[in-house]
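Have a look at query34.pdb below; it lists PDB, C-alpha atoms.
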```pdb
MODEL        1
ATOM      1  CA  MET D1348      44.785   1.971  30.205
ATOM      2  CA  THR D1349      42.108   3.055  32.646
ATOM      3  CA  PRO D1350      43.523   5.464  35.237
ATOM      4  CA  THR D1351      43.800   4.112  38.766
ATOM      5  CA  LEU D1352      43.645   5.724  42.189
ATOM      6  CA  THR D1353      47.455   5.696  42.096
ATOM      7  CA  ASP D1354      47.328   7.787  38.912
ATOM      8  CA  ILE D1355      44.902  10.225  40.530
ATOM      9  CA  ARG D1356      47.095  10.546  43.620
ATOM     10  CA  ALA D1357      50.080  11.222  41.361
ATOM     11  CA  ALA D1358      48.050  13.791  39.428
ATOM     12  CA  ALA D1359      47.056  15.537  42.664
ATOM     13  CA  GLU D1360      50.721  15.844  43.638
ATOM     14  CA  ARG D1361      51.759  16.898  40.126
ATOM     15  CA  ILE D1362      49.250  19.746  39.836
ATOM     16  CA  ARG D1363      49.484  20.858  43.468
ATOM     17  CA  PRO D1364      51.917  23.733  42.754
ATOM     18  CA  PHE D1365      49.707  25.072  39.958
ATOM     19  CA  ALA D1366      46.025  24.346  40.630
ATOM     20  CA  HIS D1367      43.856  25.599  43.475
ATOM     21  CA  ARG D1368      42.699  23.183  46.130
ATOM     22  CA  THR D1369      39.176  24.512  45.830
ATOM     23  CA  PRO D1370      37.002  25.032  48.906
ATOM     24  CA  VAL D1371      33.946  23.027  49.884
ATOM     25  CA  PHE D1372      30.991  25.190  50.842
ATOM     26  CA  THR D1373      27.702  24.379  52.539
ATOM     27  CA  CYS D1374      24.431  26.308  52.569
ATOM     28  CA  ALA D1375      21.697  25.756  55.157
ATOM     29  CA  THR D1376      19.000  27.037  52.801
ATOM     30  CA  ILE D1377      19.957  24.568  50.080
ATOM     31  CA  ASP D1378      19.991  21.763  52.652
ATOM     32  CA  GLU D1379      16.448  22.699  53.661
ATOM     33  CA  VAL D1380      15.221  22.873  50.088
ATOM     34  CA  VAL D1381      16.523  19.393  49.152
ATOM     35  CA  SER D1382      16.144  17.742  52.602
ATOM     36  CA  ALA D1383      19.758  16.573  52.537
ATOM     37  CA  ARG D1384      23.194  17.732  53.657
ATOM     38  CA  VAL D1385      24.957  19.137  50.606
ATOM     39  CA  PHE D1386      28.688  19.741  50.208
ATOM     40  CA  LEU D1387      29.599  21.954  47.245
ATOM     41  CA  LYS D1388      33.055  21.355  45.711
ATOM     42  CA  CYS D1389      33.679  24.746  44.134
ATOM     43  CA  GLU D1390      35.459  24.156  40.844
ATOM     44  CA  ASN D1391      33.921  27.445  39.741
ATOM     45  CA  LEU D1392      36.741  28.912  41.844
ATOM     46  CA  GLN D1393      39.439  26.889  40.060
ATOM     47  CA  LYS D1394      41.892  28.585  37.711
ATOM     48  CA  VAL D1395      40.206  29.494  34.395
ATOM     49  CA  GLY D1396      36.945  29.147  36.332
ATOM     50  CA  ALA D1397      36.481  25.419  35.767
ATOM     51  CA  PHE D1398      37.634  21.908  36.703
ATOM     52  CA  LYS D1399      39.157  21.641  33.222
ATOM     53  CA  PHE D1400      42.398  23.163  34.460
ATOM     54  CA  ARG D1401      43.071  20.058  36.562
ATOM     55  CA  GLY D1402      43.109  17.690  33.595
ATOM     56  CA  ALA D1403      44.936  20.039  31.250
ATOM     57  CA  CYS D1404      47.559  20.772  33.880
ATOM     58  CA  ASN D1405      48.128  17.086  34.629
ATOM     59  CA  ALA D1406      48.414  16.268  30.931
ATOM     60  CA  VAL D1407      50.858  19.092  30.194
ATOM     61  CA  PHE D1408      53.119  18.429  33.166
ATOM     62  CA  SER D1409      53.079  14.667  32.490
ATOM     63  CA  LEU D1410      54.859  15.179  29.171
ATOM     64  CA  SER D1411      58.545  14.464  28.810
ATOM     65  CA  ASP D1412      60.767  17.426  28.056
ATOM     66  CA  ALA D1413      61.115  16.222  24.465
ATOM     67  CA  GLU D1414      57.356  15.951  24.010
ATOM     68  CA  ALA D1415      56.666  19.263  25.710
ATOM     69  CA  SER D1416      59.195  21.127  23.575
ATOM     70  CA  ARG D1417      56.932  20.595  20.546
ATOM     71  CA  GLY D1418      53.943  22.080  22.317
ATOM     72  CA  VAL D1419      50.381  20.868  22.771
ATOM     73  CA  CYS D1420      47.244  21.220  20.680
ATOM     74  CA  THR D1421      43.509  20.662  20.917
ATOM     75  CA  HIS D1422      40.172  21.709  19.469
ATOM     76  CA  SER D1423      37.801  23.382  21.891
ATOM     77  CA  SER D1424      35.524  26.379  22.084
ATOM     78  CA  GLY D1425      35.185  26.388  25.849
ATOM     79  CA  ASN D1426      36.911  25.856  29.165
ATOM     80  CA  HIS D1427      39.400  23.234  27.939
ATOM     81  CA  ALA D1428      40.877  25.675  25.433
ATOM     82  CA  GLN D1429      41.550  28.184  28.190
ATOM     83  CA  ALA D1430      42.823  25.519  30.556
ATOM     84  CA  LEU D1431      45.290  24.057  28.071
ATOM     85  CA  ALA D1432      46.554  27.485  27.057
ATOM     86  CA  LEU D1433      47.205  28.430  30.688
ATOM     87  CA  ALA D1434      48.855  25.108  31.584
ATOM     88  CA  ALA D1435      51.099  25.396  28.526
ATOM     89  CA  ARG D1436      52.053  28.936  29.466
ATOM     90  CA  MET D1437      52.993  27.719  32.950
ATOM     91  CA  ARG D1438      55.342  25.172  31.356
ATOM     92  CA  ALA D1439      56.577  27.749  28.849
ATOM     93  CA  ILE D1440      55.552  25.753  25.788
ATOM     94  CA  PRO D1441      53.276  26.650  22.865
ATOM     95  CA  ALA D1442      49.585  25.749  22.812
ATOM     96  CA  TYR D1443      47.816  25.516  19.439
ATOM     97  CA  ILE D1444      44.060  25.845  19.814
ATOM     98  CA  VAL D1445      41.529  25.204  17.056
ATOM     99  CA  MET D1446      38.352  27.166  17.772
ATOM    100  CA  PRO D1447      35.120  27.544  15.791
ATOM    101  CA  GLU D1448      34.818  30.750  13.845
ATOM    102  CA  ASN D1449      31.612  31.635  15.696
ATOM    103  CA  ALA D1450      33.021  31.113  19.224
ATOM    104  CA  PRO D1451      32.003  33.895  21.629
ATOM    105  CA  GLY D1452      34.384  36.800  21.651
ATOM    106  CA  VAL D1453      34.932  36.516  25.403
ATOM    107  CA  LYS D1454      36.228  32.940  24.952
ATOM    108  CA  LYS D1455      38.508  33.902  22.078
ATOM    109  CA  ALA D1456      39.928  36.713  24.180
ATOM    110  CA  ALA D1457      40.487  34.431  27.170
ATOM    111  CA  VAL D1458      42.385  31.817  25.146
ATOM    112  CA  ALA D1459      44.518  34.477  23.513
ATOM    113  CA  GLY D1460      45.102  36.118  26.882
ATOM    114  CA  TYR D1461      46.548  32.865  28.224
ATOM    115  CA  GLY D1462      48.906  32.714  25.255
ATOM    116  CA  GLY D1463      47.063  30.190  23.085
ATOM    117  CA  GLN D1464      47.793  30.361  19.343
ATOM    118  CA  ILE D1465      44.306  30.210  17.832
ATOM    119  CA  THR D1466      43.371  28.807  14.440
ATOM    120  CA  PHE D1467      39.737  29.328  13.479
ATOM    121  CA  SER D1468      37.836  26.593  11.700
ATOM    122  CA  THR D1469      34.343  25.474  10.843
ATOM    123  CA  LEU D1470      32.847  22.855  13.154
ATOM    124  CA  GLN D1471      33.023  20.280  10.369
ATOM    125  CA  ALA D1472      36.716  20.926   9.669
ATOM    126  CA  ARG D1473      38.007  21.185  13.240
ATOM    127  CA  GLU D1474      39.492  17.673  13.399
ATOM    128  CA  SER D1475      41.221  17.911  10.023
ATOM    129  CA  THR D1476      42.515  21.357  10.940
ATOM    130  CA  LEU D1477      43.885  20.019  14.221
ATOM    131  CA  ALA D1478      45.506  17.061  12.445
ATOM    132  CA  GLU D1479      47.260  19.439  10.054
ATOM    133  CA  ILE D1480      48.576  21.545  12.931
ATOM    134  CA  ALA D1481      49.781  18.473  14.822
ATOM    135  CA  MET D1482      51.594  17.196  11.737
ATOM    136  CA  ARG D1483      53.162  20.571  10.984
ATOM    137  CA  THR D1484      54.293  21.395  14.527
ATOM    138  CA  GLY D1485      54.697  17.979  16.149
ATOM    139  CA  ALA D1486      52.508  19.207  19.009
ATOM    140  CA  VAL D1487      50.952  16.604  21.296
ATOM    141  CA  GLU D1488      47.164  16.489  21.078
ATOM    142  CA  ILE D1489      45.423  16.811  24.447
ATOM    143  CA  HIS D1490      41.802  15.757  23.981
ATOM    144  CA  PRO D1491      39.319  17.627  26.186
ATOM    145  CA  TYR D1492      38.074  14.455  27.895
ATOM    146  CA  ASN D1493      38.982  11.227  26.063
ATOM    147  CA  ASN D1494      42.488  11.165  27.500
ATOM    148  CA  GLU D1495      43.713   9.144  30.495
ATOM    149  CA  ARG D1496      45.838  11.956  31.925
ATOM    150  CA  VAL D1497      42.994  14.446  31.580
ATOM    151  CA  ILE D1498      40.663  12.000  33.350
ATOM    152  CA  ALA D1499      43.150  11.439  36.176
ATOM    153  CA  GLY D1500      43.537  15.187  36.612
ATOM    154  CA  ALA D1501      39.783  15.711  36.656
ATOM    155  CA  GLY D1502      39.504  13.034  39.336
ATOM    156  CA  THR D1503      41.556  15.106  41.754
ATOM    157  CA  ALA D1504      38.491  17.241  42.566
ATOM    158  CA  ALA D1505      36.579  14.264  43.977
ATOM    159  CA  PHE D1506      39.810  12.994  45.548
ATOM    160  CA  GLU D1507      40.070  16.233  47.524
ATOM    161  CA  LEU D1508      36.362  16.213  48.350
ATOM    162  CA  LEU D1509      36.331  12.694  49.808
ATOM    163  CA  THR D1510      39.656  13.205  51.559
ATOM    164  CA  ASP D1511      38.124  16.162  53.393
ATOM    165  CA  TYR D1512      34.638  14.648  53.817
ATOM    166  CA  PRO D1513      34.940  10.840  53.925
ATOM    167  CA  GLY D1514      31.436  10.425  55.355
ATOM    168  CA  LEU D1515      29.628  11.304  52.111
ATOM    169  CA  ASP D1516      26.932   8.877  50.959
ATOM    170  CA  ILE D1517      26.785  10.149  47.358
ATOM    171  CA  VAL D1518      29.160  12.001  45.056
ATOM    172  CA  MET D1519      27.608  13.524  41.934
ATOM    173  CA  ALA D1520      29.034  15.326  38.908
ATOM    174  CA  PRO D1521      27.551  16.589  35.645
ATOM    175  CA  VAL D1522      28.237  14.602  32.472
ATOM    176  CA  GLY D1523      28.999  15.762  28.944
ATOM    177  CA  GLY D1524      31.933  13.990  27.333
ATOM    178  CA  GLY D1525      32.507  12.180  30.608
ATOM    179  CA  GLY D1526      36.012  13.285  31.608
ATOM    180  CA  LEU D1527      34.948  14.796  34.925
ATOM    181  CA  LEU D1528      32.489  12.009  35.692
ATOM    182  CA  SER D1529      35.038   9.294  34.856
ATOM    183  CA  GLY D1530      37.657  10.842  37.105
ATOM    184  CA  THR D1531      35.083  11.441  39.833
ATOM    185  CA  ALA D1532      33.951   7.810  39.731
ATOM    186  CA  LEU D1533      37.487   6.385  39.788
ATOM    187  CA  ALA D1534      38.597   8.644  42.641
ATOM    188  CA  SER D1535      35.439   8.090  44.662
ATOM    189  CA  LYS D1536      35.329   4.323  44.290
ATOM    190  CA  GLY D1537      39.070   4.102  44.866
ATOM    191  CA  LEU D1538      38.888   5.998  48.136
ATOM    192  CA  LYS D1539      35.539   4.682  49.337
ATOM    193  CA  PRO D1540      34.255   1.628  47.417
ATOM    194  CA  ARG D1541      30.782   1.816  48.963
ATOM    195  CA  VAL D1542      30.107   5.438  48.073
ATOM    196  CA  ARG D1543      27.375   5.916  45.472
ATOM    197  CA  VAL D1544      28.495   7.784  42.340
ATOM    198  CA  LEU D1545      25.680   9.454  40.402
ATOM    199  CA  ALA D1546      25.644  11.771  37.418
ATOM    200  CA  ALA D1547      23.371  14.567  36.273
ATOM    201  CA  GLU D1548      22.545  15.441  32.677
ATOM    202  CA  PRO D1549      20.084  17.794  30.953
ATOM    203  CA  LYS D1550      16.966  16.065  29.626
ATOM    204  CA  ASN D1551      17.493  17.973  26.396
ATOM    205  CA  ALA D1552      20.992  16.486  25.984
ATOM    206  CA  ASP D1553      20.558  13.012  27.454
ATOM    207  CA  ASP D1554      22.896  10.954  25.262
ATOM    208  CA  ALA D1555      24.902   9.670  28.260
ATOM    209  CA  PHE D1556      21.683   8.534  29.963
ATOM    210  CA  ARG D1557      20.597   6.750  26.795
ATOM    211  CA  SER D1558      24.063   5.290  26.235
ATOM    212  CA  LEU D1559      24.143   3.765  29.712
ATOM    213  CA  GLN D1560      20.735   2.184  29.121
ATOM    214  CA  ALA D1561      21.717   0.867  25.687
ATOM    215  CA  GLY D1562      25.116  -0.419  26.779
ATOM    216  CA  ARG D1563      26.893   1.429  23.947
ATOM    217  CA  ILE D1564      27.757   4.977  23.000
ATOM    218  CA  LEU D1565      24.803   6.777  21.451
ATOM    219  CA  PRO D1566      25.740  10.122  19.908
ATOM    220  CA  SER D1567      24.169  13.360  20.948
ATOM    221  CA  GLU D1568      21.135  14.207  18.791
ATOM    222  CA  ASN D1569      20.709  17.934  18.195
ATOM    223  CA  PRO D1570      20.930  18.857  21.898
ATOM    224  CA  LYS D1571      19.365  22.166  22.909
ATOM    225  CA  THR D1572      20.047  23.105  26.509
ATOM    226  CA  ILE D1573      21.229  26.106  28.467
ATOM    227  CA  ALA D1574      23.937  23.813  29.892
ATOM    228  CA  ASP D1575      26.146  24.302  26.840
ATOM    229  CA  GLY D1576      29.143  22.655  28.479
ATOM    230  CA  LEU D1577      27.346  19.283  28.397
ATOM    231  CA  LEU D1578      26.615  18.920  24.686
ATOM    232  CA  THR D1579      29.407  16.461  23.850
ATOM    233  CA  SER D1580      28.922  12.708  23.445
ATOM    234  CA  LEU D1581      30.790  10.188  25.604
ATOM    235  CA  GLY D1582      34.204   8.980  24.486
ATOM    236  CA  THR D1583      35.655   5.527  23.957
ATOM    237  CA  ILE D1584      37.683   5.838  27.166
ATOM    238  CA  THR D1585      35.071   7.553  29.337
ATOM    239  CA  PHE D1586      32.102   5.347  28.451
ATOM    240  CA  PRO D1587      33.359   2.036  29.924
ATOM    241  CA  ILE D1588      34.540   3.789  33.093
ATOM    242  CA  ILE D1589      31.101   5.330  33.553
ATOM    243  CA  ARG D1590      29.329   2.089  32.661
ATOM    244  CA  ASP D1591      31.290   0.167  35.293
ATOM    245  CA  ASN D1592      31.406   2.724  38.121
ATOM    246  CA  VAL D1593      28.412   5.072  37.939
ATOM    247  CA  GLU D1594      25.199   3.857  39.533
ATOM    248  CA  GLN D1595      22.766   6.102  37.710
ATOM    249  CA  ILE D1596      22.461   9.150  35.461
ATOM    250  CA  LEU D1597      19.624  11.463  36.462
ATOM    251  CA  THR D1598      18.174  13.799  33.850
ATOM    252  CA  VAL D1599      17.199  17.371  34.643
ATOM    253  CA  SER D1600      14.686  19.760  33.071
ATOM    254  CA  GLU D1601      15.725  23.203  31.883
ATOM    255  CA  ASP D1602      13.538  24.763  34.566
ATOM    256  CA  ASN D1603      15.342  22.923  37.345
ATOM    257  CA  ILE D1604      18.765  23.735  35.875
ATOM    258  CA  LEU D1605      17.835  27.419  36.011
ATOM    259  CA  ARG D1606      16.281  27.039  39.459
ATOM    260  CA  ALA D1607      19.452  25.393  40.782
ATOM    261  CA  MET D1608      21.683  28.013  39.188
ATOM    262  CA  ARG D1609      19.705  30.828  40.726
ATOM    263  CA  LEU D1610      19.634  29.094  44.111
ATOM    264  CA  LEU D1611      23.422  28.830  44.072
ATOM    265  CA  TRP D1612      23.807  32.479  43.094
ATOM    266  CA  GLU D1613      21.256  33.915  45.528
ATOM    267  CA  ARG D1614      21.630  31.720  48.600
ATOM    268  CA  ALA D1615      25.149  30.255  48.445
ATOM    269  CA  LYS D1616      26.594  33.399  46.800
ATOM    270  CA  LEU D1617      28.354  31.234  44.209
ATOM    271  CA  VAL D1618      28.594  32.219  40.547
ATOM    272  CA  VAL D1619      28.047  28.870  38.833
ATOM    273  CA  GLU D1620      27.450  28.295  35.122
ATOM    274  CA  PRO D1621      24.397  26.272  33.991
ATOM    275  CA  SER D1622      26.426  23.077  33.433
ATOM    276  CA  GLY D1623      27.804  23.308  36.968
ATOM    277  CA  ALA D1624      24.305  23.730  38.413
ATOM    278  CA  VAL D1625      22.948  20.549  36.802
ATOM    279  CA  PRO D1626      23.804  18.263  39.787
ATOM    280  CA  LEU D1627      21.865  20.478  42.178
ATOM    281  CA  GLY D1628      19.102  20.537  39.573
ATOM    282  CA  ALA D1629      19.032  16.740  39.797
ATOM    283  CA  MET D1630      18.507  16.977  43.539
ATOM    284  CA  LEU D1631      15.600  19.360  42.977
ATOM    285  CA  GLU D1632      14.077  17.072  40.350
ATOM    286  CA  HIS D1633      14.629  13.735  42.128
ATOM    287  CA  PRO D1634      14.427  14.601  45.855
ATOM    288  CA  SER D1635      13.607  11.080  47.053
ATOM    289  CA  VAL D1636      16.988   9.796  45.832
ATOM    290  CA  PHE D1637      18.850  12.103  48.221
ATOM    291  CA  ALA D1638      16.560  12.663  51.225
ATOM    292  CA  GLY D1639      18.432  12.477  54.522
ATOM    293  CA  LEU D1640      21.820  11.745  52.935
ATOM    294  CA  GLN D1641      25.184  13.518  52.785
ATOM    295  CA  VAL D1642      25.776  14.489  49.173
ATOM    296  CA  GLY D1643      28.895  15.931  47.551
ATOM    297  CA  LEU D1644      28.347  17.906  44.356
ATOM    298  CA  ILE D1645      31.090  18.897  41.913
ATOM    299  CA  LEU D1646      30.260  22.434  40.756
ATOM    300  CA  SER D1647      32.158  22.082  37.505
ATOM    301  CA  GLY D1648      32.568  25.724  36.496
ATOM    302  CA  GLY D1649      31.560  29.336  36.799
ATOM    303  CA  ASN D1650      32.130  30.883  33.388
ATOM    304  CA  VAL D1651      28.938  32.787  32.722
ATOM    305  CA  ASP D1652      28.276  35.404  30.067
ATOM    306  CA  LEU D1653      27.046  38.201  32.312
ATOM    307  CA  ASP D1654      25.387  39.920  29.367
ATOM    308  CA  ARG D1655      23.120  36.896  28.868
ATOM    309  CA  LEU D1656      21.920  35.941  32.330
ATOM    310  CA  PRO D1657      19.199  33.335  31.760
ATOM    311  CA  TRP D1658      16.609  34.590  34.246
ATOM    312  CA  ASN D1659      16.485  37.945  32.519
ATOM    313  CA  LYS D1660      14.452  36.198  29.824
ATOM    314  CA  SER D1661      12.860  33.310  31.672
ATOM    315  CA  GLY D1662      11.386  35.216  34.581
ATOM    316  CA  LEU D1663      12.569  32.552  37.040
TER     317      LEU D1663
ENDMDL
END
```
Take the structure in the file and write it out as structure tokens.
Amino acid sequence: MTPTLTDIRAAAERIRPFAHRTPVFTCATIDEVVSARVFLKCENLQKVGAFKFRGACNAVFSLSDAEASRGVCTHSSGNHAQALALAARMRAIPAYIVMPENAPGVKKAAVAGYGGQITFSTLQARESTLAEIAMRTGAVEIHPYNNERVIAGAGTAAFELLTDYPGLDIVMAPVGGGGLLSGTALASKGLKPRVRVLAAEPKNADDAFRSLQAGRILPSENPKTIADGLLTSLGTITFPIIRDNVEQILTVSEDNILRAMRLLWERAKLVVEPSGAVPLGAMLEHPSVFAGLQVGLILSGGNVDLDRLPWNKSGL
């Protein structure tokens, strides 16, 4: 069933002892650049450095004691893997994580550091590997985004944002698999039905934009973008929520993703990863949509490989 505002409220209460209530920052320079009043919901300052902890935490602590005793499992190479491992450690249960063999060493180390039991797999075999682990251990699979409890947990970021700033005209989140955007839309529309919910997506990975236009899920087609957290296609649960509650998906060039990321680092003093900078990139690319309005942006994460800062190569 589609999560409701009641589910999101319950998730907010459930994760309150474990997750940060992240701050909302403003920056006069950014406001001047985009000719709007911008409110930055800093999920880059969340535990594990990303909003993903909210959904993983809600999913893990929603389990019955009998379910939890068998542990949880997922396949992920990014923030969800870390988030699930940490949430499981907080509940003192095992977390079985299937990761690609070529995952960055820093991500492998982070998952292991949170206590995740890693099994390496090829990209093609990750689902069959996960199925084998689930069958062998009885662990409950927690999908990174196509999961109602994960969506409800993700929605708590927008719930906090609109609770603190109810006068917002627009709330915008990035979109990959759609877990954050789905939760953002449900929380925002539940709290303030007339608020406009928009999404931002790289032009080079625009499957959600195309899916919304086509009225059906269109898979990602060889996406190549610096926003590597937004490469996943929409899910069967997230797509209808987005279709019914999100006004528009705005696509963003690589140049404006980098420009937004650097603006956040230099002027707001916020370390934000490329995927988290995409909403601000949308404001830079489509200024007329936002001019004169109060806009809340979900900065989805801040996990950046400091050895591969993008402007070292681009010159931006």
Matched chain/residue IDs from the PyMOL selection byres ((chain D and resi 1408) around 9), as a ChimeraX atom specification: /D:1361-1362,1403-1407,1409-1411,1415,1434-1435,1438
Spatial neighbours of Gly1582 of chain D, max dist 10 Å, only C-alpha atoms, sep filter under 4 positions, as a list in words: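 Selected residues are Tyr1492, Asn1493, Asn1494, Gly1523, Gly1524, Gly1525, Gly1526, Ile1564, Pro1566, Phe1586 and Pro1587 of chain D.
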Got time to write the residues from that selection, C-alpha atoms, as a JSON list (two decimals), keeping the file's coordinate frame?
```
[["chain", "number", "residue", "atom", "x", "y", "z"],
["D", 1492, "TYR", "CA", 38.07, 14.46, 27.90],
["D", 1493, "ASN", "CA", 38.98, 11.23, 26.06],
["D", 1494, "ASN", "CA", 42.49, 11.16, 27.50],
["D", 1523, "GLY", "CA", 29.00, 15.76, 28.94],
["D", 1524, "GLY", "CA", 31.93, 13.99, 27.33],
["D", 1525, "GLY", "CA", 32.51, 12.18, 30.61],
["D", 1526, "GLY", "CA", 36.01, 13.28, 31.61],
["D", 1564, "ILE", "CA", 27.76, 4.98, 23.00],
["D", 1566, "PRO", "CA", 25.74, 10.12, 19.91],
["D", 1586, "PHE", "CA", 32.10, 5.35, 28.45],
["D", 1587, "PRO", "CA", 33.36, 2.04, 29.92]]
```
Proximity to Glu1360 of chain D - best of D:Leu1644, D:Ala1499, D:Ala1555, D:Leu1545, only C-alpha atoms: D:Ala1499
Contact residues around Gly1396 of chain D with only C-alpha atoms at 10 Å, ignoring same-chain residues under 2 positions, as a count of residues only: 20
Contacts of Ile1377 of chain D within 10 Å, only C-alpha atoms, excl. fewer than 4 positions in-chain, as a PyMOL selection string: chain D and resi 1373+1381-1386+1607+1610-1611+1614-1615+1627+1631
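Minimum distance to Ala1546 of chain D across D:Leu1565, D:Val1453, D:Ile1588, D:Val1625 (counting all atoms listed in the file) occurs at D:Val1625.
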Residues in the PyMOL selection byres ((chain D and resi 1359) around 12), expressed as a ChimeraX atom specification: /D:1352-1358,1360-1368,1401-1402,1404-1406,1408-1409,1496-1507,1510,1530,1534
Could you save the residues just selected, with C-alpha atoms, as a JSON list (two decimals), in the coordinates of the input?
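Dumped to again.json:
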```json
[["chain", "number", "residue", "atom", "x", "y", "z"],
["D", 1352, "LEU", "CA", 43.64, 5.72, 42.19],
["D", 1353, "THR", "CA", 47.46, 5.70, 42.10],
["D", 1354, "ASP", "CA", 47.33, 7.79, 38.91],
["D", 1355, "ILE", "CA", 44.90, 10.22, 40.53],
["D", 1356, "ARG", "CA", 47.10, 10.55, 43.62],
["D", 1357, "ALA", "CA", 50.08, 11.22, 41.36],
["D", 1358, "ALA", "CA", 48.05, 13.79, 39.43],
["D", 1360, "GLU", "CA", 50.72, 15.84, 43.64],
["D", 1361, "ARG", "CA", 51.76, 16.90, 40.13],
["D", 1362, "ILE", "CA", 49.25, 19.75, 39.84],
["D", 1363, "ARG", "CA", 49.48, 20.86, 43.47],
["D", 1364, "PRO", "CA", 51.92, 23.73, 42.75],
["D", 1365, "PHE", "CA", 49.71, 25.07, 39.96],
["D", 1366, "ALA", "CA", 46.02, 24.35, 40.63],
["D", 1367, "HIS", "CA", 43.86, 25.60, 43.48],
["D", 1368, "ARG", "CA", 42.70, 23.18, 46.13],
["D", 1401, "ARG", "CA", 43.07, 20.06, 36.56],
["D", 1402, "GLY", "CA", 43.11, 17.69, 33.60],
["D", 1404, "CYS", "CA", 47.56, 20.77, 33.88],
["D", 1405, "ASN", "CA", 48.13, 17.09, 34.63],
["D", 1406, "ALA", "CA", 48.41, 16.27, 30.93],
["D", 1408, "PHE", "CA", 53.12, 18.43, 33.17],
["D", 1409, "SER", "CA", 53.08, 14.67, 32.49],
["D", 1496, "ARG", "CA", 45.84, 11.96, 31.92],
["D", 1497, "VAL", "CA", 42.99, 14.45, 31.58],
["D", 1498, "ILE", "CA", 40.66, 12.00, 33.35],
["D", 1499, "ALA", "CA", 43.15, 11.44, 36.18],
["D", 1500, "GLY", "CA", 43.54, 15.19, 36.61],
["D", 1501, "ALA", "CA", 39.78, 15.71, 36.66],
["D", 1502, "GLY", "CA", 39.50, 13.03, 39.34],
["D", 1503, "THR", "CA", 41.56, 15.11, 41.75],
["D", 1504, "ALA", "CA", 38.49, 17.24, 42.57],
["D", 1505, "ALA", "CA", 36.58, 14.26, 43.98],
["D", 1506, "PHE", "CA", 39.81, 12.99, 45.55],
["D", 1507, "GLU", "CA", 40.07, 16.23, 47.52],
["D", 1510, "THR", "CA", 39.66, 13.20, 51.56],
["D", 1530, "GLY", "CA", 37.66, 10.84, 37.10],
["D", 1534, "ALA", "CA", 38.60, 8.64, 42.64]]
```
Close residues, Thr1476 of chain D itself excluded, 9 Å, all atoms listed in the file, min 4 positions apart in chain, as JSON, numbers by chain: {"D": [1422, 1445, 1466, 1467, 1468, 1472, 1480, 1481]}
Gap from atom CA of Ser1580 of chain D to atom CA of Phe1556 of chain D - Å, one decimal: 10.6 Å
Point (31.8, 6.5, 35.8), cut-off 7 Å, counting all atoms listed in the file, residues as a list in words: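 Protein and nucleic acid residues near the point are Leu1528, Ser1529, Ala1532, Leu1533, Ile1588, Ile1589, Arg1590, Asp1591, Asn1592 and Val1593 of chain D.
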Write out as lines of an AutoDock Vina configuration file an axis-aligned box for segment 1385-1400 of chain D: all of its atoms listed in the file, 6 Å added on each side, centre and edge lengths in Å with one decimal.
```
center_x = 33.7
center_y = 24.3
center_z = 41.9
size_x = 29.4
size_y = 22.4
size_z = 29.4
```
D:Gln1560, D:Tyr1461, D:Thr1421, D:Ala1456 ranked by distance to Ser1475 of chain D, top pick (using all atoms listed in the file): D:Thr1421
Nearest to Leu1577 of chain D by atom-to-atom distance, counting only C-alpha atoms, from D:Arg1557, D:Lys1550, D:Arg1563, D:His1633: D:Lys1550
Contacts of Gln1464 of chain D within 8 Å, only C-alpha atoms, excl. fewer than 2 positions in-chain, as a PyMOL selection string: chain D and resi 1441-1444+1459+1462+1466
Extract segment 1368-1390 of chain D from the structure I just pasted (atoms: C-alpha atoms) and return it as a CSV table (one decimal), in the first residue's frame.
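To be explicit, this is the file written out as out.csv:
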```
chain,number,residue,atom,x,y,z
D,1368,ARG,CA,16.9,16.2,12.7
D,1369,THR,CA,19.0,17.9,10.1
D,1370,PRO,CA,19.3,21.7,10.0
D,1371,VAL,CA,17.9,24.0,7.3
D,1372,PHE,CA,20.4,26.5,6.1
D,1373,THR,CA,20.0,29.6,3.9
D,1374,CYS,CA,22.6,31.5,1.9
D,1375,ALA,CA,22.1,35.1,0.7
D,1376,THR,CA,24.5,34.6,-2.2
D,1377,ILE,CA,22.6,31.6,-3.5
D,1378,ASP,CA,19.3,33.6,-3.1
D,1379,GLU,CA,20.8,36.4,-5.2
D,1380,VAL,CA,22.1,34.0,-7.9
D,1381,VAL,CA,18.7,32.3,-8.4
D,1382,SER,CA,16.4,35.3,-7.6
D,1383,ALA,CA,14.5,33.2,-5.0
D,1384,ARG,CA,14.5,32.4,-1.3
D,1385,VAL,CA,16.2,29.0,-0.9
D,1386,PHE,CA,15.9,26.8,2.1
D,1387,LEU,CA,18.5,23.9,2.2
D,1388,LYS,CA,17.5,20.8,4.1
D,1389,CYS,CA,20.9,19.4,4.9
D,1390,GLU,CA,20.7,15.6,4.6
```
